[in-house]
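Colleague: Got a file for you: model.cif, mmCIF, C-alpha atoms.
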data_model
loop_
_atom_site.label_atom_id
_atom_site.label_comp_id
_atom_site.auth_asym_id
_atom_site.auth_seq_id
_atom_site.Cartn_x
_atom_site.Cartn_y
_atom_site.Cartn_z
CA MET D 1 89.95 135.75 116.10
CA ASN D 2 89.78 139.50 115.38
CA PHE D 3 90.86 141.36 112.24
CA HIS D 4 94.31 142.16 113.70
CA ASP D 5 94.99 138.48 114.40
CA LEU D 6 93.74 137.46 110.96
CA THR D 7 96.13 139.97 109.38
CA ARG D 8 99.04 138.54 111.36
CA VAL D 9 98.14 135.00 110.26
CA ALA D 10 97.84 136.08 106.62
CA LEU D 11 101.20 137.89 106.63
CA THR D 12 102.87 134.92 108.33
CA LEU D 13 101.47 132.57 105.68
CA LEU D 14 102.69 134.92 102.93
CA LEU D 15 106.19 134.89 104.42
CA ALA D 16 106.02 131.09 104.67
CA LEU D 17 104.95 130.78 101.03
CA VAL D 18 107.85 132.93 99.83
CA ALA D 19 110.27 130.87 101.94
CA ALA D 20 108.84 127.60 100.59
CA GLU D 21 109.20 128.76 96.98
CA LEU D 22 112.78 129.82 97.70
CA CYS D 23 113.58 126.40 99.15
CA VAL D 24 112.00 124.73 96.11
CA TRP D 25 114.27 126.84 93.90
CA LEU D 26 117.29 125.90 96.07
CA HIS D 27 116.31 122.19 95.90
CA THR D 28 116.34 121.73 99.68
CA PRO D 29 114.68 118.64 101.18
CA ILE D 30 111.00 118.92 102.20
CA PRO D 31 110.98 122.59 101.09
CA TRP D 32 107.30 123.17 101.89
CA MET D 33 107.88 122.49 105.59
CA LEU D 34 111.51 123.52 106.14
CA GLY D 35 111.19 126.88 104.38
CA PRO D 36 108.18 128.06 106.41
CA LEU D 37 109.69 126.69 109.62
CA LEU D 38 113.00 128.51 109.23
CA ALA D 39 111.47 131.76 107.97
CA THR D 40 108.84 132.04 110.69
CA ALA D 41 111.28 130.98 113.42
CA LEU D 42 113.77 133.66 112.36
CA ALA D 43 111.06 136.30 112.02
CA SER D 44 109.63 135.40 115.42
CA VAL D 45 112.99 135.56 117.19
CA LEU D 46 113.62 138.97 115.60
CA GLY D 47 110.35 140.21 117.09
CA ALA D 48 108.04 140.10 114.07
CA PRO D 49 104.34 139.62 115.00
CA THR D 50 104.04 136.13 113.52
CA ARG D 51 101.02 134.01 114.29
CA SER D 52 99.78 130.50 113.50
CA ALA D 53 96.11 129.55 113.32
CA HIS D 54 95.34 126.42 115.32
CA MET D 55 92.60 125.53 112.86
CA LEU D 56 95.06 125.55 109.95
CA ARG D 57 97.48 123.28 111.81
CA ASN D 58 94.65 120.84 112.45
CA ALA D 59 93.74 120.93 108.76
CA GLY D 60 97.37 120.30 107.84
CA GLN D 61 97.61 117.31 110.14
CA TRP D 62 94.33 115.99 108.73
CA VAL D 63 95.66 116.14 105.15
CA ILE D 64 99.00 114.53 106.04
CA GLY D 65 97.31 111.79 108.07
CA ALA D 66 94.99 110.98 105.16
CA ALA D 67 97.91 110.90 102.72
CA LEU D 68 100.06 108.62 104.89
CA GLY D 69 97.25 106.12 105.46
CA LEU D 70 97.13 105.44 101.71
CA TYR D 71 100.48 103.65 101.95
CA PHE D 72 99.08 100.86 104.14
CA THR D 73 98.13 98.38 101.43
CA PRO D 74 97.53 94.75 102.52
CA GLN D 75 101.04 93.80 101.33
CA VAL D 76 102.69 96.64 103.21
CA SER D 77 100.65 96.05 106.36
CA ALA D 78 101.74 92.40 106.40
CA LEU D 79 105.34 93.59 106.25
CA VAL D 80 104.77 96.04 109.11
CA VAL D 81 103.12 93.36 111.26
CA SER D 82 106.09 91.04 110.67
CA LEU D 83 108.32 93.76 112.14
CA TRP D 84 106.50 93.79 115.51
CA TRP D 85 109.63 92.71 117.40
CA ALA D 86 111.67 95.56 115.86
CA ILE D 87 108.93 98.04 116.80
CA VAL D 88 108.98 96.77 120.41
CA LEU D 89 112.77 97.21 120.51
CA ALA D 90 112.41 100.73 119.10
CA VAL D 91 109.87 101.62 121.81
CA LEU D 92 112.18 100.30 124.56
CA TRP D 93 115.07 102.19 122.98
CA ALA D 94 113.10 105.45 123.06
CA LEU D 95 112.13 104.99 126.71
CA VAL D 96 115.71 104.18 127.80
CA LEU D 97 117.23 106.96 125.71
CA GLY D 98 114.76 109.52 127.07
CA GLY D 99 115.35 108.31 130.62
CA LEU D 100 119.14 108.66 130.32
CA PHE D 101 118.77 112.12 128.79
CA GLY D 102 116.51 113.09 131.71
CA LEU D 103 119.09 111.95 134.28
CA TRP D 104 121.77 113.96 132.50
CA LEU D 105 119.58 117.07 132.42
CA GLN D 106 118.78 116.72 136.11
CA ARG D 107 122.45 116.49 137.06
CA GLN D 108 123.48 119.32 134.74
CA HIS D 109 120.89 121.68 136.20
CA ALA D 110 120.69 120.56 139.83
CA ALA D 111 121.74 124.02 141.01
CA ASP D 112 119.10 125.68 138.83
CA PHE D 113 116.40 123.50 140.41
CA ALA D 114 117.56 124.06 144.01
CA HIS D 115 114.90 126.70 144.67
CA LEU D 116 112.06 124.49 143.43
CA PRO D 117 109.94 122.22 145.65
CA PRO D 118 111.28 118.66 146.15
CA GLY D 119 110.77 116.54 143.05
CA ALA D 120 110.00 119.49 140.76
CA GLY D 121 113.44 119.40 139.17
CA ARG D 122 113.17 115.68 138.57
CA ALA D 123 109.73 116.13 136.97
CA THR D 124 111.02 118.93 134.75
CA SER D 125 114.02 116.93 133.51
CA TYR D 126 112.10 113.69 133.12
CA PHE D 127 109.21 115.00 131.04
CA ALA D 128 111.47 117.35 129.05
CA SER D 129 113.50 114.35 127.87
CA ALA D 130 110.65 112.01 126.88
CA ILE D 131 110.68 111.37 123.13
CA GLY D 132 107.26 112.31 121.78
CA GLY D 133 104.04 114.00 122.83
CA ALA D 134 105.32 117.51 123.61
CA SER D 135 101.97 118.93 124.70
CA GLU D 136 101.11 115.84 126.74
CA MET D 137 104.54 115.85 128.45
CA THR D 138 104.07 119.54 129.33
CA LEU D 139 100.73 118.76 130.96
CA LEU D 140 102.22 115.84 132.91
CA ALA D 141 105.07 118.06 134.09
CA GLU D 142 102.55 120.62 135.34
CA ARG D 143 100.63 117.90 137.17
CA HIS D 144 103.81 116.83 139.01
CA GLY D 145 105.00 120.35 139.83
CA GLY D 146 107.61 120.72 137.08
CA ARG D 147 108.43 123.88 135.14
CA THR D 148 106.24 123.69 132.05
CA ASP D 149 108.11 126.45 130.21
CA LEU D 150 111.36 124.49 130.34
CA VAL D 151 109.64 121.25 129.29
CA ALA D 152 107.97 122.91 126.30
CA ALA D 153 111.23 124.65 125.34
CA ALA D 154 113.22 121.40 125.41
CA HIS D 155 110.70 119.63 123.17
CA SER D 156 110.62 122.55 120.74
CA VAL D 157 114.43 122.61 120.48
CA ARG D 158 114.63 118.84 119.95
CA LEU D 159 111.92 118.78 117.32
CA VAL D 160 113.31 121.68 115.31
CA ILE D 161 116.88 120.32 115.41
CA VAL D 162 115.70 116.93 114.17
CA VAL D 163 113.47 118.41 111.46
CA MET D 164 116.25 120.73 110.24
CA SER D 165 119.04 118.14 110.17
CA VAL D 166 117.56 114.74 109.30
CA PRO D 167 116.03 115.71 105.91
CA PHE D 168 119.31 117.30 104.78
CA ALA D 169 121.23 114.19 105.86
CA MET D 170 118.80 111.94 104.00
CA GLN D 171 118.93 114.08 100.86
CA TRP D 172 122.74 114.04 100.99
CA ALA D 173 122.75 110.26 101.38
CA GLN D 174 120.26 109.90 98.54
CA SER D 175 122.41 111.96 96.17
CA HIS D 176 125.76 110.40 97.18
CA TRP D 177 124.76 106.81 97.86
CA GLY D 178 121.83 106.52 95.47
CA LEU D 179 119.12 105.45 97.92
CA GLN D 180 116.55 103.49 95.93
CA VAL D 181 112.80 103.68 96.36
CA ASP D 182 111.40 100.39 97.66
CA ALA D 183 108.52 99.55 95.30
CA ARG D 184 106.84 97.48 98.04
CA LEU D 185 106.36 100.59 100.17
CA LEU D 186 104.64 102.89 97.67
CA SER D 187 101.10 104.14 98.27
CA GLY D 188 97.96 102.46 96.94
CA PRO D 189 96.08 105.12 94.95
CA ARG D 190 98.54 107.45 93.18
CA VAL D 191 96.18 109.66 91.19
CA ALA D 192 93.93 112.33 92.68
CA GLN D 193 90.42 112.07 91.26
CA TRP D 194 86.91 113.34 91.90
CA PRO D 195 84.59 112.45 93.61
CA GLY D 196 86.92 109.97 95.31
CA LEU D 197 88.86 112.77 96.96
CA PHE D 198 85.63 114.13 98.46
CA TRP D 199 84.72 110.75 99.96
CA LEU D 200 88.27 110.30 101.28
CA GLY D 201 88.10 113.73 102.91
CA LEU D 202 84.72 112.97 104.43
CA ALA D 203 85.82 109.60 105.85
CA THR D 204 89.08 110.92 107.29
CA ALA D 205 87.36 113.97 108.79
CA ALA D 206 84.92 111.60 110.51
CA GLY D 207 87.87 109.62 111.88
CA ALA D 208 89.45 112.81 113.20
CA LEU D 209 86.22 113.93 114.87
CA VAL D 210 85.80 110.53 116.53
CA MET D 211 89.34 110.72 117.91
CA ARG D 212 88.65 114.23 119.13
CA TRP D 213 85.45 113.08 120.83
CA LEU D 214 87.47 110.33 122.52
CA LYS D 215 89.98 113.01 123.59
CA ARG D 216 92.95 111.19 122.04
CA SER D 217 96.33 112.70 121.32
CA ASN D 218 96.79 114.39 117.91
CA PRO D 219 93.19 113.63 116.90
CA TRP D 220 93.30 115.30 113.48
CA PHE D 221 96.42 113.40 112.48
CA MET D 222 95.75 110.07 114.15
CA GLY D 223 92.04 109.95 113.27
CA ALA D 224 92.66 110.74 109.60
CA LEU D 225 95.55 108.28 109.49
CA LEU D 226 93.53 105.42 110.98
CA ALA D 227 90.52 106.08 108.73
CA SER D 228 92.70 106.23 105.62
CA MET D 229 94.55 103.07 106.69
CA CYS D 230 91.31 101.14 107.16
CA LEU D 231 90.05 102.18 103.73
CA THR D 232 93.29 101.18 102.01
CA LEU D 233 93.46 97.86 103.86
CA SER D 234 89.89 97.16 102.75
CA GLY D 235 90.83 97.68 99.12
CA VAL D 236 89.00 101.01 98.84
CA ASN D 237 91.17 103.27 96.64
CA TRP D 238 89.05 106.37 96.14
CA SER D 239 91.80 108.87 95.43
CA ALA D 240 95.32 110.03 96.18
CA VAL D 241 95.89 113.33 97.98
CA PRO D 242 96.86 116.07 95.48
CA THR D 243 100.46 117.22 95.72
CA ASP D 244 99.45 120.88 96.06
CA LEU D 245 97.20 120.03 99.01
CA SER D 246 100.00 118.04 100.67
CA ASN D 247 102.40 120.95 100.14
CA ALA D 248 99.93 123.37 101.72
CA ALA D 249 99.59 121.05 104.71
CA GLN D 250 103.36 120.91 105.14
CA LEU D 251 103.48 124.71 104.98
CA VAL D 252 101.02 125.27 107.83
CA ILE D 253 102.73 122.59 109.95
CA GLY D 254 106.07 124.31 109.36
CA VAL D 255 104.55 127.65 110.39
CA SER D 256 103.11 126.16 113.57
CA LEU D 257 106.59 124.91 114.54
CA GLY D 258 108.36 128.14 113.65
CA VAL D 259 106.13 130.52 115.62
CA ARG D 260 107.05 128.76 118.86
CA PHE D 261 110.36 130.61 118.82
CA GLN D 262 109.25 134.03 120.00
CA ARG D 263 111.85 136.56 121.19
CA GLU D 264 111.10 135.67 124.82
CA PHE D 265 111.95 132.03 124.06
CA LEU D 266 115.69 132.73 123.91
CA HIS D 267 115.56 134.43 127.32
CA THR D 268 113.74 131.54 129.02
CA ALA D 269 116.89 129.80 130.26
CA PRO D 270 119.90 129.93 127.91
CA ARG D 271 121.85 127.17 129.67
CA TRP D 272 118.80 124.90 129.58
CA LEU D 273 118.33 125.50 125.84
CA VAL D 274 121.98 124.69 125.19
CA SER D 275 121.67 121.46 127.19
CA ALA D 276 118.51 120.54 125.30
CA ALA D 277 120.29 121.13 121.99
CA ILE D 278 123.34 119.08 122.99
CA GLY D 279 121.19 116.25 124.31
CA SER D 280 119.09 116.26 121.14
CA GLY D 281 122.22 116.00 119.01
CA VAL D 282 123.53 113.06 121.05
CA MET D 283 120.16 111.28 120.90
CA MET D 284 120.07 111.74 117.13
CA ALA D 285 123.57 110.30 116.72
CA LEU D 286 122.77 107.29 118.92
CA SER D 287 119.48 106.73 117.09
CA VAL D 288 121.31 106.64 113.77
CA GLY D 289 123.41 103.78 115.11
CA PHE D 290 120.38 102.00 116.53
CA GLY D 291 118.46 102.42 113.27
CA GLY D 292 121.42 100.99 111.38
CA LEU D 293 121.46 97.92 113.63
CA LEU D 294 117.72 97.40 113.15
CA ALA D 295 118.18 97.74 109.38
CA TRP D 296 120.84 95.03 109.47
CA ALA D 297 118.56 92.77 111.52
CA THR D 298 115.43 93.32 109.40
CA GLY D 299 116.94 93.61 105.93
CA LEU D 300 115.23 96.97 105.31
CA HIS D 301 117.07 100.05 104.12
CA PRO D 302 118.95 101.93 106.86
CA ALA D 303 117.35 105.25 105.83
CA THR D 304 113.88 103.87 106.57
CA LEU D 305 114.80 102.60 110.04
CA ILE D 306 116.80 105.71 110.90
CA LEU D 307 113.73 107.84 110.15
CA GLY D 308 111.54 105.40 112.08
CA THR D 309 113.70 105.65 115.20
CA SER D 310 114.67 109.35 114.97
CA PRO D 311 113.63 111.41 118.03
CA GLY D 312 111.35 113.66 115.97
CA GLY D 313 107.60 114.00 115.55
CA ILE D 314 105.40 111.57 113.62
CA ALA D 315 104.17 114.03 111.02
CA GLU D 316 107.60 115.57 110.43
CA MET D 317 109.48 112.28 110.02
CA ALA D 318 106.69 110.75 107.93
CA ILE D 319 106.66 113.82 105.68
CA THR D 320 110.41 113.39 105.16
CA ALA D 321 109.88 109.74 104.25
CA LYS D 322 107.00 110.64 101.93
CA VAL D 323 108.85 113.36 100.01
CA LEU D 324 112.02 111.27 99.65
CA GLN D 325 110.07 107.99 99.20
CA LEU D 326 111.92 106.20 102.01
CA GLY D 327 109.44 103.67 103.37
CA VAL D 328 106.54 105.80 104.58
CA PRO D 329 104.43 103.02 106.17
CA VAL D 330 107.35 101.55 108.12
CA VAL D 331 108.44 104.99 109.37
CA THR D 332 104.85 105.87 110.29
CA ALA D 333 104.28 102.57 112.10
CA PHE D 334 107.45 102.94 114.18
CA GLN D 335 106.70 106.56 115.07
CA VAL D 336 103.01 105.95 115.89
CA CYS D 337 103.73 102.93 118.10
CA ARG D 338 106.44 104.84 119.93
CA LEU D 339 104.12 107.80 120.57
CA VAL D 340 101.35 105.56 121.89
CA ALA D 341 103.79 103.73 124.17
CA VAL D 342 105.33 106.96 125.47
CA LEU D 343 101.93 108.47 126.23
CA MET D 344 100.83 105.31 128.03
CA LEU D 345 104.01 104.48 129.95
CA VAL D 346 105.90 107.68 130.76
CA GLY D 347 103.44 108.87 133.43
CA PRO D 348 103.22 105.55 135.33
CA LEU D 349 107.01 105.10 135.09
CA PHE D 350 107.57 108.50 136.68
CA GLN D 351 105.18 107.67 139.52
CA TRP D 352 107.04 104.37 140.07
CA ILE D 353 110.39 106.20 140.15
CA ASN D 354 109.00 108.69 142.67
CA ARG D 355 107.78 105.92 144.95
CA ARG D 356 111.20 104.25 144.87
CA LYS D 357 112.88 107.57 145.68
CA LYS D 358 110.63 108.08 148.68
CA THR D 359 111.17 104.56 150.06
CA ALA D 360 114.91 104.55 149.41
#
Hey, can you dump this file as structure tokens for me?
Modeller:
Amino acid sequence: MNFHDLTRVALTLLLALVAAELCVWLHTPIPWMLGPLLATALASVLGAPTRSAHMLRNAGQWVIGAALGLYFTPQVSALVVSLWWAIVLAVLWALVLGGLFGLWLQRQHAADFAHLPPGAGRATSYFASAIGGASEMTLLAERHGGRTDLVAAAHSVRLVIVVMSVPFAMQWAQSHWGLQVDARLLSGPRVAQWPGLFWLGLATAAGALVMRWLKRSNPWFMGALLASMCLTLSGVNWSAVPTDLSNAAQLVIGVSLGVRFQREFLHTAPRWLVSAAIGSGVMMALSVGFGGLLAWATGLHPATLILGTSPGGIAEMAITAKVLQLGVPVVTAFQVCRLVAVLMLVGPLFQWINRRKKTA
């Protein structure tokens, strides 16, 4: 990265910091992620030379993964394991919901796909609608001849809409309905201390590097999360993650989401972006109802299950749960299991659908 790029990164981070402090002053939910996201997205669309450093995003995911793993105490993990049937239902729900959204997209834009090779439109719609794994879905779409720009755009729109709306809805519910923190779902270590924080950082970095070596999805988040979970389950409580460090991690994650919306983004395919936004809104509304039903069946708070089944990203929904103290380990478990299932099943399911189309 040259000096010009470093300057762009530094100025973008400065803008994000100002926006975060403004959101703190305004008492918005998850201000350290929402402020940077909105500010950088607006600046990018207006043509400002914003830039996000990939290394900083990895560091942010590493910190958040380490912090979330501290919630998985033996008591909490037993609760999560007892919810296996609800997690399976949530995975099936995500696959069906994404599939229906894909069919709707394909029908809405059949004329737009007419000039593409046979099957390319179906691949574009299918992978654009899958809930989770934006980068992986883009790669799968490319492998099957789909338009990767449309797939990436649809995932970006969905993620930003969810991240912008769900935290505000949860904060509103918390202030009007008095959502209570479930003491069973609080983290293990709650005080940052030295040298425990150093050992925690070392162990979670090792976990991230192992996941990267294995070429797994989201290695810096998933590796740190798994390492931190194993330590907490083993009764090792070295240290909590300092609040300032967690805030900084949220800031760089917010920046990495916001810079996706460059000026060219809005000219990609306006009708497609509108469809992606409408579909995302419908999926959110349906997921609220599904989360409410799961809450009734499990006895957990609806806010926790709504976050767990929301069509957003793991880090973003878990950050919302962490800041508002709404069942972090349950939300994380639901989101992680869904991501793993989507990454494992979406590709083979598409190949099966293609074979049926050819033999029909």
Colleague: If we count all atoms listed in the file and set the cut-off at 10 Å, which residues sit around region 239-251 of chain D, ignoring sequence neighbours fewer than 3 positions away in its own chain? Please answer as a tab-separated table (two decimals) with C-alpha atoms, in the coordinates of the input.
Modeller:
chain	number	residue	atom	x	y	z
D	13	LEU	CA	101.47	132.57	105.68
D	16	ALA	CA	106.02	131.09	104.67
D	17	LEU	CA	104.95	130.78	101.03
D	19	ALA	CA	110.27	130.87	101.94
D	20	ALA	CA	108.84	127.60	100.59
D	30	ILE	CA	111.00	118.92	102.20
D	31	PRO	CA	110.98	122.59	101.09
D	32	TRP	CA	107.30	123.17	101.89
D	33	MET	CA	107.88	122.49	105.59
D	34	LEU	CA	111.51	123.52	106.14
D	35	GLY	CA	111.19	126.88	104.38
D	36	PRO	CA	108.18	128.06	106.41
D	37	LEU	CA	109.69	126.69	109.62
D	56	LEU	CA	95.06	125.55	109.95
D	57	ARG	CA	97.48	123.28	111.81
D	58	ASN	CA	94.65	120.84	112.45
D	59	ALA	CA	93.74	120.93	108.76
D	60	GLY	CA	97.37	120.30	107.84
D	61	GLN	CA	97.61	117.31	110.14
D	62	TRP	CA	94.33	115.99	108.73
D	63	VAL	CA	95.66	116.14	105.15
D	64	ILE	CA	99.00	114.53	106.04
D	66	ALA	CA	94.99	110.98	105.16
D	67	ALA	CA	97.91	110.90	102.72
D	68	LEU	CA	100.06	108.62	104.89
D	70	LEU	CA	97.13	105.44	101.71
D	187	SER	CA	101.10	104.14	98.27
D	188	GLY	CA	97.96	102.46	96.94
D	189	PRO	CA	96.08	105.12	94.95
D	190	ARG	CA	98.54	107.45	93.18
D	191	VAL	CA	96.18	109.66	91.19
D	192	ALA	CA	93.93	112.33	92.68
D	193	GLN	CA	90.42	112.07	91.26
D	194	TRP	CA	86.91	113.34	91.90
D	195	PRO	CA	84.59	112.45	93.61
D	196	GLY	CA	86.92	109.97	95.31
D	197	LEU	CA	88.86	112.77	96.96
D	198	PHE	CA	85.63	114.13	98.46
D	199	TRP	CA	84.72	110.75	99.96
D	200	LEU	CA	88.27	110.30	101.28
D	201	GLY	CA	88.10	113.73	102.91
D	236	VAL	CA	89.00	101.01	98.84
D	254	GLY	CA	106.07	124.31	109.36
D	255	VAL	CA	104.55	127.65	110.39
D	256	SER	CA	103.11	126.16	113.57
D	315	ALA	CA	104.17	114.03	111.02
D	316	GLU	CA	107.60	115.57	110.43
D	319	ILE	CA	106.66	113.82	105.68
D	323	VAL	CA	108.85	113.36	100.01
Colleague: Compile the contact shell of Thr148 (chain D) as an MDAnalysis selection string: residues with an atom at most 10 Å away, counting all atoms listed in the file, same-chain residues fewer than 3 positions apart removed.
Modeller: chainID D and resid 123:124 127:128 135 137:143 145 151:154
Colleague: Compare D:Thr309, D:Thr298, D:Gln335, D:Thr50 by their minimum atom-to-atom distance to Leu79 (chain D), counting only C-alpha atoms, and give me the closest one.
Modeller: D:Thr298
Colleague: Please enumerate the residues selected by the PyMOL selection byres ((chain D and resi 82-93) around 9) when evaluated against the supplied file, formatted as number ranges by chain.
Modeller: D: 77-81, 94-98, 287, 290-291, 294, 297-298, 308-309, 330, 333-335, 337-339, 341-342
Colleague: Would you give the centre and edge lengths, in Å to one decimal, of a box along x, y and z around the listed atoms of region 267-280 of chain D, with 3 Å added to each side, as lines of an AutoDock Vina configuration file?
Modeller:
center_x = 118.5
center_y = 125.3
center_z = 125.7
size_x = 15.6
size_y = 24.2
size_z = 15.1
Colleague: Taking only C-alpha atoms into account, which of D:Gln106, D:Thr204, D:Thr12, D:Thr28 comes nearest Met229 (chain D)?
Modeller: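 Checking each of D:Gln106, D:Thr204, D:Thr12, D:Thr28 against Met229 (chain D), counting only C-alpha atoms, the winner is D:Thr204.
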Colleague: One number please: CA of Val18 (chain D) to CA of Gly258 (chain D), in Å, one decimal.
Modeller: 14.6 Å
Colleague: Give me the residues near Val210 (chain D) as JSON, numbers by chain, where near means some atom within 10 Å (using all atoms listed in the file) and where sequence neighbours in that chain fewer than 3 positions away do not count.
Modeller: {"D": [204, 205, 206, 207, 213, 214, 215, 216, 219, 220, 223, 224]}
Colleague: In Å, with one decimal, what is the gap from CA of Leu103 (chain D) to CA of Val162 (chain D)?
Modeller: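 Atom-to-atom, CA of Leu103 (chain D) to CA of Val162 (chain D), that is 21.0 Å.
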Colleague: Give me the result of the PyMOL selection byres ((chain D and resi 313) around 10) on this file, residue by residue, as a VMD selection string.
Modeller: chain D and resid 131 to 134 155 158 to 160 162 to 163 310 to 312 314 to 319 335 to 336 339
Colleague: Expand the PyMOL selection byres ((chain D and resi 44) around 12) into the explicit residue set it covers here, and present it as a PyMOL selection string.
Modeller: chain D and resi 8+12+15+36-43+45-52+255-266
Colleague: Could you tell me how far CA of Arg212 (chain D) sits from CA of Asn237 (chain D), in Å to one decimal place?
Modeller: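 A separation of 25.1 Å between them.
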Colleague: Rank D:Thr332, D:Arg122, D:Leu326, D:Trp104 by their smallest atom-to-atom distance to Leu226 (chain D), using only C-alpha atoms, and report the top residue only.
Modeller: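 That would be D:Thr332, the residue with the smallest distance to Leu226 (chain D).
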Colleague: Could you tell me which of D:Thr320, D:Ser156, D:Ser275, D:Ser129 comes closest to Ala169 (chain D) if we count all atoms listed in the file?
Modeller: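 Once distances to Ala169 (chain D) are computed over all atoms listed in the file, the minimum belongs to D:Thr320.
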Colleague: Looking at D:Ala303, D:Leu105, D:Ala53, D:Leu11, which one is nearest to Gly279 (chain D), with distances taken over all atoms listed in the file?
Modeller: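 Of the candidates, the smallest distance to Gly279 (chain D) is held by D:Leu105.
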Colleague: Please identify all polymer residues within 8 Å of Gly281 (chain D), counting only C-alpha atoms, omitting same-chain residues fewer than 4 positions from it, and present them as an MDAnalysis selection string.
Modeller: chainID D and resid 161 277 285
